[in-house]
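*Asks:* Handing you this structure, nothing more for now.
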2 protein chains.
Amino acid sequence: MNGTVLTMDDRWTSYDCGMVIVAGTTIREVGPFDQVRLDQLGIPKEHIIDADGGIIIPGFVNTHTHIGMSLFRGIADDTANRLKRVIFPLERKFTTPEVVYTASLHSLTEMILGGTTCFADMYYFATQTARAVQESGIRGVIGQSVATYGGPDAPDFPTSIELVHRLDNLLKGNDRVMAAIAPHAPYSLTKQELLQCAEIHSDRDIRILSHLAEMPFEESYTDEHYHMRPIPFYRQCNLLGSRTTMAHCIFADGNDQRLLVETGTGIAHNPSANSKSGKGIAPAYDLITKGARLGLGTDGPMSGNTMDMVHILDITAKFQKVLKKDPTIMTPRDVLRAATRGGAEALHLEKSIGTLERGKLADIVIVSTDSPAMFPLYDPYAAIVYAASPADIAMTMVDGKQLMYRRKLHTLDPQAIRIQAADMVSHIRHDMHEFLQ
Amino acid sequence: MNGTVLTMDDRWTSYDCGMVIVAGTTIREVGPFDQVRLDQLGIPKEHIIDADGGIIIPGFVNTHTHIGMSLFRGIADDTANRLKRVIFPLERKFTTPEVVYTASLHSLTEMILGGTTCFADMYYFATQTARAVQESGIRGVIGQSVATYGGPDAPDFPTSIELVHRLDNLLKGNDRVMAAIAPHAPYSLTKQELLQCAEIHSDRDIRILSHLAEMPFEESYTDEHYHMRPIPFYRQCNLLGSRTTMAHCIFADGNDQRLLVETGTGIAHNPSANSKSGKGIAPAYDLITKGARLGLGTDGPMSGNTMDMVHILDITAKFQKVLKKDPTIMTPRDVLRAATRGGAEALHLEKSIGTLERGKLADIVIVSTDSPAMFPLYDPYAAIVYAASPADIAMTMVDGKQLMYRRKLHTLDPQAIRIQAADMVSHIRHDMHEFLQ
């Protein structure tokens, strides 16, 4: 209570001095602040969280990242052909279960401090990421990466599929941490393998996460091998649809966009990472206006360098405005919607999260207005999108449980994680130069 | 001491565990940490500032802003033709000396907390801004806006010129707060008036600040009236040169760029504001490679919404990479240089500030590496540009004097300023709707 509540519901309902009442893991009531009602419900004073004039919003949903990579952040940024020249060699040499677990924990401290309450991840050793997520209290869709040549955790495709089964068995019945199969990209699996991924997805009823229409060479690759563009090719592989989320979709023409919308495919838009790599910017505004399930993502810490969602808001609006040469499009409301409710839609979780409405899960964030950039507050949407910093996040709650309050983490110990990571980082720093020439 | 020193000198000298020794207002020595040398110099323990593993850099130089506008921040963002429909009417109604003074103080809290040590401003009631700057301890070039129709502080051009004289008289002999004349733009003054501004600039030996090649309509305006493009027209008005700084220069073709470089004109690049208004992005990388004096700016708080420079770094790199479709250009070194040394060059102050070198003025910032996004630290330039937030700034020093240490301001009281501003904001909020339809 004592904050501006932005519900992000269909009618953009907000309350200047509002309150959100949580019972167990869910939201019981949202409305204007009402002490009489609080007394009636017998809510004790010590259970009331004072938003202190801040802004109360649904938690951010990060629709695409690789949190197990945070110990590589900042290595050889700005290198041409970095995926093949830097990232793959680093992963082959240094990606172990221990590194993925520790890097995941480190990323999670940044994400929770930055107001993220749910995210989708795809990486190797996914059971290690799932373990870190379980401990942290955050909500996650955890994808095990699969590819023709496997990865640091598997020598080939069949072995990486084994890891998917193992992950799914581990997470069966877990509502907060959900398993996914994550075929890497159209160019790193055969058509047969991609079709098999789609089968596992329907047999096991797990989500699909993948990279799509991200690389400039992807179009000529699928044209040469399959005589079609990447997005129609994925449709042919049964990979588009109501339980799948495709990251990037930078190179999506009108027909591609129609396919994504018609199939109800989730889209993860990653403008910070896509611009850093010089690839380009997805037509996010066009996709939204056509009714796409579009959320925002940070991408991994080697790609976007920050794991919080606050850093993504401003740049999302600004790239669309420049692309369209129109300051009136992609407003703060559009952006904040994409970062919360749009993300829930992109992960096909909109029935349970994404808005502050009765019956939804209590994934809630408070944005403080104490810092100078947050004053004056004529428009809370504009303040969050154009002026907030991650350090302005004052509370992060998932399933009704506070994971962070006033910048103190409740489930993770960032200092201990950093000490644990420091040895691994020394080792990486010492050995990385041999192949980064 | 106890931090990574990035000197930003010609050879990119840095010290992993370095120290900067300050004597009075200037830098006496920069080098690796050396306790023997400290003892030799007899520097007492209580004068040593522990950077605590952070990064020590020259302070940020914000080359273009309007700090007296911060009480309008967030009003009707994303409106088409906002300058004429929103900003000018707001200013006519609400811009008073008291508002400019209070808004300036409020902006200065954000700037100092964000590591800015020097900036250039152009606005109305400039003596009020100068007064706030004087109190804050920051370094500034303060421009009095002049235009054919004056502004909220003057009914016409001659009256606004009177204000320039008054400002310059006030600041004569002040090395830290410097006066400038600020003709608004090519389209808001006559050629005769622009020539007169250039005369005052050389007679009084004060800087010129202006907006140039910012508006999409500007080219057709100068073409119609003067049969040339805006930048050559300004040259004809004697407004380009060694003591002038032009904001924006979005629409600068090859010949325009050559003119800017040849005349040694300073350029203020404002990618955050220029993208929000959908206008486009200046060819900053091309300008830098041609040898331009290019710095970065936030623009005013109605345009860019944040007044700290940390928010500008990331977006500067990313827009250039997308424009050129090349991830290898506009590296973190290029960006950090533009934000510090490049800014000093753009304001023609590079002899006294912009690098950490012996004899330069002690304008120094410490960037903390405590937050999760700043770990690991393989490349301090990349960490600052791609991962830092304004809240990571741990110390801001100007002229050897700490203005902020560990997030506490020493010269300004942000709470008192906010209380003072709150009444003005209520008044604006109450009355603004009558003309914002």
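By convention here, the chains of the structure tokens are called A, B, ... in the order presented, each chain's residues are numbered starting at 1, and ligands are numbered starting at 1 in the order presented.
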Please list as a list in words every residue within 7 Å of range 68-73 of chain A, counting only C-alpha atoms and excluding residues in the same chain fewer than 3 positions away.
*Replies:*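 After dropping sequence-adjacent residues, the list is Val100, Tyr101, Ala103, Ser104, Ser107, Tyr123, Thr129, Gly300, Pro301, Met302, Asn305 and Val425 of chain A; Pro376 of chain B.
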*Asks:* Any chance you can output those residues with C-alpha atoms as an mmCIF file, in the first residue's frame?
*Replies:*
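Contents of selection.cif, freshly written:
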data_model
loop_
_atom_site.group_PDB
_atom_site.id
_atom_site.type_symbol
_atom_site.label_atom_id
_atom_site.label_comp_id
_atom_site.auth_asym_id
_atom_site.auth_seq_id
_atom_site.Cartn_x
_atom_site.Cartn_y
_atom_site.Cartn_z
ATOM 1 C CA VAL A 100 26.706 -23.037 -14.769
ATOM 2 C CA TYR A 101 25.356 -23.378 -11.230
ATOM 3 C CA ALA A 103 26.961 -18.267 -12.825
ATOM 4 C CA SER A 104 23.216 -18.892 -12.594
ATOM 5 C CA SER A 107 22.762 -13.812 -12.521
ATOM 6 C CA TYR A 123 21.526 -23.356 -21.907
ATOM 7 C CA THR A 129 20.284 -23.778 -13.663
ATOM 8 C CA GLY A 300 22.604 -13.716 -22.109
ATOM 9 C CA PRO A 301 25.181 -11.687 -20.166
ATOM 10 C CA MET A 302 27.729 -11.974 -22.996
ATOM 11 C CA ASN A 305 25.787 -7.535 -20.474
ATOM 12 C CA VAL A 425 36.889 -16.295 -12.913
ATOM 13 C CA PRO B 376 33.389 -10.242 -13.456
#
*Asks:* Output as a PyMOL selection string all residues of range 92-232 of chain A that backbone DSSP marks as strand (DSSP E or B).
*Replies:* chain A and resi 116-123+139-146+151+154+177-183+207-212
*Asks:* Those residues with C-alpha atoms, as a tab-separated table (two decimals), in the first residue's frame please?
*Replies:*
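File result_38.tsv, as written:
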chain	number	residue	atom	x	y	z
A	116	THR	CA	12.47	-9.79	-12.58
A	117	THR	CA	10.01	-12.34	-11.21
A	118	CYS	CA	9.88	-14.81	-14.11
A	119	PHE	CA	12.21	-15.69	-16.95
A	120	ALA	CA	12.96	-18.17	-19.71
A	121	ASP	CA	16.42	-19.66	-20.04
A	122	MET	CA	18.08	-21.95	-22.54
A	123	TYR	CA	21.53	-23.36	-21.91
A	139	ARG	CA	9.79	-18.35	-11.45
A	140	GLY	CA	11.41	-19.85	-14.55
A	141	VAL	CA	11.00	-21.81	-17.73
A	142	ILE	CA	14.30	-23.69	-17.98
A	143	GLY	CA	15.28	-25.02	-21.38
A	144	GLN	CA	17.92	-27.66	-22.04
A	145	SER	CA	19.84	-26.72	-25.20
A	146	VAL	CA	19.96	-29.37	-27.89
A	151	GLY	CA	27.42	-28.93	-26.52
A	154	ALA	CA	26.67	-33.71	-24.56
A	177	VAL	CA	10.24	-24.07	-12.28
A	178	MET	CA	9.13	-25.49	-15.63
A	179	ALA	CA	11.10	-27.59	-18.12
A	180	ALA	CA	11.51	-26.80	-21.82
A	181	ILE	CA	13.30	-28.30	-24.76
A	182	ALA	CA	15.54	-25.77	-26.49
A	183	PRO	CA	16.65	-26.59	-30.04
A	207	ARG	CA	7.54	-25.75	-23.77
A	208	ILE	CA	9.87	-25.09	-26.71
A	209	LEU	CA	12.42	-22.27	-26.65
A	210	SER	CA	14.63	-21.47	-29.62
A	211	HIS	CA	16.56	-18.79	-31.51
A	212	LEU	CA	14.88	-17.79	-34.78
*Asks:* Chain A residues within 6 Å of chain B, counting only C-alpha atoms: which ones, as a count of residues only?
*Replies:* 23
*Asks:* Can you list, as a VMD selection string, every protein, DNA or RNA residue that comes within 6 Å of Gly342 in chain B when you count only C-alpha atoms, leaving out same-chain residues fewer than 4 positions away?
*Replies:* chain B and resid 294 to 295 337 to 338
*Asks:* Smallest atom-to-atom distance to His269 in chain B: which of B:Cys237, B:Val61, B:Ile161, B:Leu361, using only C-alpha atoms?
*Replies:*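 Distance minimum relative to His269 in chain B lands on B:Val61.
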*Asks:* Looking at B:His227, B:Lys45, B:His430, B:His64, which one is nearest to Leu296 in chain B, with distances taken over only C-alpha atoms?
*Replies:*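 Nearest candidate to Leu296 in chain B out of B:His227, B:Lys45, B:His430, B:His64: B:His64.
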*Asks:* Determine, counting only C-alpha atoms, which protein, DNA and RNA residues have an atom within 12 Å of an atom of range 28-39 of chain A; residues of the same chain fewer than 4 positions away are not included. Present the result as a ChimeraX atom specification.
*Replies:* /A:1-9,13-24,43-45,47-48,50-51,56-58,355-362,364,400
*Asks:* Do you know which residues are at most 6 Å from Val367 in chain B counting only C-alpha atoms, after dropping those on the same chain fewer than 6 positions away, and could you put them as a list in words?
*Replies:*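 Contacts, in chain order: Gly54, Ile55, Asp392, Ile393 and Ala394 of chain B.
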*Asks:* Take the residues from that selection and write them out as a CSV table (one decimal), in the first residue's frame, keeping N, CA and C atoms.
*Replies:*
chain,number,residue,atom,x,y,z
B,54,GLY,N,37.1,-0.3,-7.1
B,54,GLY,CA,36.3,0.3,-8.2
B,54,GLY,C,37.2,0.8,-9.4
B,55,ILE,N,36.6,1.5,-10.3
B,55,ILE,CA,37.3,2.0,-11.4
B,55,ILE,C,37.4,3.6,-11.3
B,392,ASP,N,25.9,3.1,-9.5
B,392,ASP,CA,27.2,2.5,-9.3
B,392,ASP,C,28.3,3.6,-9.1
B,393,ILE,N,28.0,4.8,-9.3
B,393,ILE,CA,29.0,5.9,-9.1
B,393,ILE,C,29.1,6.1,-7.6
B,394,ALA,N,30.4,5.9,-7.2
B,394,ALA,CA,30.7,5.9,-5.7
B,394,ALA,C,31.3,7.2,-5.2
